[in-house]
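Chemist: Got a structure for you, questions after.
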Amino acid sequence: MITASGLGHSLMNGVDDAITRVDAFGGMRGRPAGSKGTNFLLVGTDSRDGIAPGERHKYHLGGVACHCTDTIMLVHLSRDWRRATVVSLPRDTYVTLPGPARAAVAAAARRRTGARTTAGSPVPTPIATSHPAKLNEAYADGGPKLTVHAVEQLTGVHIDHYVEVDFGSFMKTVDVIGGVPVCTPKALKDPYSGLRLPAGTSLLNGGQALQYVRSRHVDGAADLGRMQRQQHFLAEVIHRITSGNTLRNPLELRRIATTVLGSVRADHGLGAADLIGLAEAMKGFSPGSSEFVQVPLSAVAYHVPGIGSTVKWDRQQAGRLWTSIRADQPLAVRQPGGADVPGAPSTRPGAASAPPADPSVGPAGPSLGPAAGSPSGTAPGPSSGRPPVGTSVPPDIAEPGAGTAAAPVHVDVPPAQVRVVVENGTDTSGLAATAQRQFAASGFVTPGLPANSAQRTQRTLIRYDPRWDRSARSLAAALPGAQLVAAPGQGPVMNVTLGSDFTRVTPVTAVGAVATPAGIPVSGDQEVSCG
């Protein structure tokens with residue numbers, strides 16, 4: 001959108017020569033049929049090429065690039081060019097990618113060089129034809145083409161154009177349009193990205209904007225919160241370039257176009273006519289002309305051995321979302337008076353919905369992920385609510401809903417994003433099962449069955465990986481007096497060993513978490529509001 005907005009008829013000659021071209025579609029088979037409107041796949045990679053050492057240090061960009069996609073958005077432009085729909089795709093989406101995993105290929109190569117048959121030839125090593133992965137690995141495995149393939153198979157939406165930016169091009173784009181204002185109701189601080197923003201409105205330069213859209217340790221919502229900030233930022237960009245004279249000033253257009261087009265990569269089919277048409281249409285754009293939504297999820301912590309914590313889509317709700325995209329239907333329906341209500345692909349907050357099904361089968365293609373509960377992964381979810389056979393519930397332990405409900409304690413990380421495994425460190429029969437039901441009633445994710453610990457303890461213990469310290473603190477709020485024990489390398493799952501001091505799980509609720517649930521669309525004028 002930024003690129004297209006920096007174009008006009010005065011720049012038609014040679015305007016697309018500045019774009020670095022990539023092969024995003026060549027030789028692809030089994031693609032979805034075309035849909036109404038135009039669909040762009042916008043990806044941001046973690047490449048740091050071209051960024052000066054001083055800026056890398058200043059903006060906390062010293063890490064090693066994984067050469068994968070840091071951001072993935074599907075942008076749908078309506079057939080009449082009057083509406084833009086932006087759908088954020090979680091980079092941790094669980095998929096099955098074609099071909100063997102990179103680690104398997106490397107291991108097989110090592111075995112081939114060392115193992116030989118009696119005839120002296122290398123020992124043949126079977127190579128898998130597919131492997132489980134996160135969506136952002138598609139770029140590392142097969143570049144733009146495999147990324148497009150994975151998204152099309154997941155969504156059933158035909159991708160018309162591919163646009164790619166890296167860290168450096170993102171920073172240049174923000175700087176050339178004079179920075180982008182963002183508003184936040186509370187101060188934001190992320191020691192990992194280096195972000196430090198006061199409450200209120202701040203004008204961000206390129207480096208600060210990159211910190212803002214990369215931060216995942218500011219509000220407890222991790223990648224889901226980061227996606228919402230990315231959408232908020234994009235809405236601010238649209239507002240900034242459509243509310244002034246940028247699109248009507250030929251000199252300003254030339255300056256922006258020269259910088260922006262020289263720093264992006266796009267497919268060969270994205271030509272000057274497409275960009276100029278989009279620029280002309282965007283002259284009539286307002287923040288309300290755009291709408292933003294995240295893919296509805298059925299699991300936010302789906303653990304896969306060897307892959308880690310992934311997210312899975314809600315098949316029914318996501319299916320309705322992609323059906324609306326293909327049909328060129330708006331997601332946020334404008335009511336008289338200006339309020340938005342969710343469109344067909346979403347569910348109303350608090351409304352009942354059908355139990356989430358496996359989202360891994362795309363509506364127009366083969367599976368990109370196994371069904372929940374298959375051997376390749378462990379689907380997190382609450383326990384059945386019943387203690388194992390042969391256990392008894394201690395009479396002095398409060399059950400969920402028993403007695404007067406206590407006011408929930410405010411925490412940073414929503415309990416739905418915290419996975420807890422419970423063990424009984426006492427001689428009280430059935431204690432772990434009781435606690436697990438209480439954790440589930442309070443919203444925590446409780447994979448597996450409660451168990452007895454080999455360790456006996458007076459004080460309740462919470463073992464956690466320091467990388468998930470915010471989640472551990474939210475869990476500790478539900479267990480007042482528990483001792484936090486750091487366990488580096490444990491991963492995102494918290495391990496609770498109940499001591500004889502345990503009486504009940506204290507209800508908790510998140511403050512400052514993602515305001516808009518995944519699957520609920522909002523228009524751009526809501527995104528730019530600081531209220």
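Identifiers in this document derive from the order of the structure tokens: chains are assigned A, B, ..., residues are numbered from 1 separately in each chain, and ligands are numbered from 1 in order of occurrence.
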Can you tell me which residues surround region 453-462 of chain A at a distance of at most 9 Å, considering only C-alpha atoms, apart from same-chain residues fewer than 5 positions away, and format the answer as JSON, numbers by chain?
Modeler: {"A": [423, 424, 425, 426, 427, 472, 475, 476, 479, 481, 482, 483, 484, 485, 486, 494, 495, 496, 497, 498, 499, 500, 501, 502]}
Chemist: Could you list, with a cut-off of 12 Å and counting only C-alpha atoms, the residues of region 145-236 of chain A near region 310-331 of chain A, each shown with its nearest atom pair and the distance in Å rounded to one decimal, rows sorted by chain and ascending number, as a tab-separated table?
Modeler:
```
residue	atom	partner	partner_atom	distance
A:Val151	CA	A:Trp322	CA	11.4
A:Glu152	CA	A:Trp322	CA	10.5
A:Gln153	CA	A:Trp322	CA	11.5
A:Leu154	CA	A:Trp313	CA	9.5
A:Thr155	CA	A:Trp322	CA	6.1
A:Gly156	CA	A:Trp322	CA	7.1
A:Val157	CA	A:Arg326	CA	6.3
A:His158	CA	A:Arg326	CA	8.3
A:Ile159	CA	A:Arg326	CA	10.6
A:Asp223	CA	A:Val311	CA	10.2
A:Leu224	CA	A:Val311	CA	10.1
```
Chemist: Output the selection as a PDB file, in the first residue's frame - N, CA, C and O atoms for each residue.
Modeler:
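Written file, part.pdb:
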```pdb
ATOM      1  N   VAL A 151       0.393 -20.562   1.965  1.00  0.00           N
ATOM      2  CA  VAL A 151      -0.742 -19.686   2.274  1.00  0.00           C
ATOM      3  C   VAL A 151      -1.952 -20.045   1.419  1.00  0.00           C
ATOM      4  O   VAL A 151      -3.087 -20.086   1.904  1.00  0.00           O
ATOM      5  N   GLU A 152      -1.733 -20.314   0.145  1.00  0.00           N
ATOM      6  CA  GLU A 152      -2.865 -20.670  -0.717  1.00  0.00           C
ATOM      7  C   GLU A 152      -3.511 -21.974  -0.274  1.00  0.00           C
ATOM      8  O   GLU A 152      -4.746 -22.110  -0.312  1.00  0.00           O
ATOM      9  N   GLN A 153      -2.711 -22.948   0.138  1.00  0.00           N
ATOM     10  CA  GLN A 153      -3.280 -24.220   0.554  1.00  0.00           C
ATOM     11  C   GLN A 153      -4.008 -24.091   1.894  1.00  0.00           C
ATOM     12  O   GLN A 153      -4.998 -24.781   2.136  1.00  0.00           O
ATOM     13  N   LEU A 154      -3.529 -23.228   2.746  1.00  0.00           N
ATOM     14  CA  LEU A 154      -4.204 -22.998   4.018  1.00  0.00           C
ATOM     15  C   LEU A 154      -5.531 -22.272   3.848  1.00  0.00           C
ATOM     16  O   LEU A 154      -6.511 -22.579   4.528  1.00  0.00           O
ATOM     17  N   THR A 155      -5.570 -21.297   2.939  1.00  0.00           N
ATOM     18  CA  THR A 155      -6.709 -20.385   2.858  1.00  0.00           C
ATOM     19  C   THR A 155      -7.668 -20.693   1.723  1.00  0.00           C
ATOM     20  O   THR A 155      -8.839 -20.306   1.783  1.00  0.00           O
ATOM     21  N   GLY A 156      -7.183 -21.344   0.663  1.00  0.00           N
ATOM     22  CA  GLY A 156      -8.003 -21.497  -0.526  1.00  0.00           C
ATOM     23  C   GLY A 156      -8.168 -20.205  -1.296  1.00  0.00           C
ATOM     24  O   GLY A 156      -9.009 -20.110  -2.190  1.00  0.00           O
ATOM     25  N   VAL A 157      -7.353 -19.199  -0.985  1.00  0.00           N
ATOM     26  CA  VAL A 157      -7.416 -17.896  -1.651  1.00  0.00           C
ATOM     27  C   VAL A 157      -6.273 -17.802  -2.663  1.00  0.00           C
ATOM     28  O   VAL A 157      -5.106 -18.057  -2.316  1.00  0.00           O
ATOM     29  N   HIS A 158      -6.591 -17.435  -3.896  1.00  0.00           N
ATOM     30  CA  HIS A 158      -5.589 -17.277  -4.949  1.00  0.00           C
ATOM     31  C   HIS A 158      -4.801 -15.979  -4.712  1.00  0.00           C
ATOM     32  O   HIS A 158      -5.386 -14.899  -4.608  1.00  0.00           O
ATOM     33  N   ILE A 159      -3.496 -16.099  -4.613  1.00  0.00           N
ATOM     34  CA  ILE A 159      -2.641 -14.927  -4.438  1.00  0.00           C
ATOM     35  C   ILE A 159      -2.276 -14.367  -5.804  1.00  0.00           C
ATOM     36  O   ILE A 159      -1.721 -15.072  -6.648  1.00  0.00           O
ATOM     37  N   ASP A 223       2.921 -13.018  20.245  1.00  0.00           N
ATOM     38  CA  ASP A 223       2.773 -12.768  18.816  1.00  0.00           C
ATOM     39  C   ASP A 223       1.387 -12.261  18.453  1.00  0.00           C
ATOM     40  O   ASP A 223       1.236 -11.497  17.496  1.00  0.00           O
ATOM     41  N   LEU A 224       0.361 -12.672  19.191  1.00  0.00           N
ATOM     42  CA  LEU A 224      -0.987 -12.199  18.873  1.00  0.00           C
ATOM     43  C   LEU A 224      -1.103 -10.706  19.140  1.00  0.00           C
ATOM     44  O   LEU A 224      -1.732  -9.971  18.380  1.00  0.00           O
TER      45      LEU A 224
END
```
Chemist: So which bits of region 398-522 of chain A end up helix (DSSP H, G or I) when you DSSP the backbone, as number ranges by chain?
Modeler: A: 415-417, 431-441, 466-478
Chemist: CA of Ile256 (chain A) and CA of Val22 (chain A), how far apart in Å?
Modeler: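 CA of Ile256 (chain A) lies at a distance of 21.9 Å from CA of Val22 (chain A).
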Chemist: Find the residues near Glu164 (chain A): any atom within 9 Å, counting only C-alpha atoms, skip ones fewer than 5 places away on the same chain, and give them as a list in words.
Modeler: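 Answer for this query is Leu41, Leu42, Val43, Gly44, Thr45, Pro144, Val264, Arg265 and Ala266 of chain A.
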Chemist: Go ahead and write the residues just picked, N, CA and C atoms, as a PDB file, in the first residue's frame.
Modeler:
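Written output follows (again_22.pdb):
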```
ATOM      1  N   LEU A  41       0.015 -10.956  -1.127  1.00  0.00           N
ATOM      2  CA  LEU A  41       0.662 -11.546   0.042  1.00  0.00           C
ATOM      3  C   LEU A  41       1.816 -10.634   0.415  1.00  0.00           C
ATOM      4  N   LEU A  42       1.691  -9.990   1.570  1.00  0.00           N
ATOM      5  CA  LEU A  42       2.709  -9.062   2.060  1.00  0.00           C
ATOM      6  C   LEU A  42       3.485  -9.751   3.167  1.00  0.00           C
ATOM      7  N   VAL A  43       4.790  -9.908   2.962  1.00  0.00           N
ATOM      8  CA  VAL A  43       5.616 -10.565   3.970  1.00  0.00           C
ATOM      9  C   VAL A  43       6.762  -9.646   4.362  1.00  0.00           C
ATOM     10  N   GLY A  44       7.137  -9.741   5.620  1.00  0.00           N
ATOM     11  CA  GLY A  44       8.304  -9.039   6.122  1.00  0.00           C
ATOM     12  C   GLY A  44       9.319 -10.061   6.603  1.00  0.00           C
ATOM     13  N   THR A  45      10.524 -10.026   6.063  1.00  0.00           N
ATOM     14  CA  THR A  45      11.561 -10.965   6.468  1.00  0.00           C
ATOM     15  C   THR A  45      12.467 -10.322   7.511  1.00  0.00           C
ATOM     16  N   PRO A 144       9.929 -17.302  -1.607  1.00  0.00           N
ATOM     17  CA  PRO A 144       8.588 -16.760  -1.861  1.00  0.00           C
ATOM     18  C   PRO A 144       7.613 -17.791  -2.420  1.00  0.00           C
ATOM     19  N   VAL A 264      11.986  -2.765  -2.030  1.00  0.00           N
ATOM     20  CA  VAL A 264      11.080  -3.902  -1.878  1.00  0.00           C
ATOM     21  C   VAL A 264      11.359  -4.927  -2.968  1.00  0.00           C
ATOM     22  N   ARG A 265      10.847  -6.143  -2.748  1.00  0.00           N
ATOM     23  CA  ARG A 265      10.899  -7.208  -3.748  1.00  0.00           C
ATOM     24  C   ARG A 265       9.475  -7.616  -4.063  1.00  0.00           C
ATOM     25  N   ALA A 266       9.203  -7.852  -5.339  1.00  0.00           N
ATOM     26  CA  ALA A 266       7.835  -8.189  -5.745  1.00  0.00           C
ATOM     27  C   ALA A 266       7.869  -9.160  -6.910  1.00  0.00           C
TER      28      ALA A 266
END
```
Chemist: From the set A:Tyr162, A:Tyr302, A:Phe439, A:Phe167, which residue has the shortest atom-to-atom contact distance to Phe25 (chain A), counting only C-alpha atoms?
Modeler: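 Closest to Phe25 (chain A), using only C-alpha atoms: A:Tyr162.
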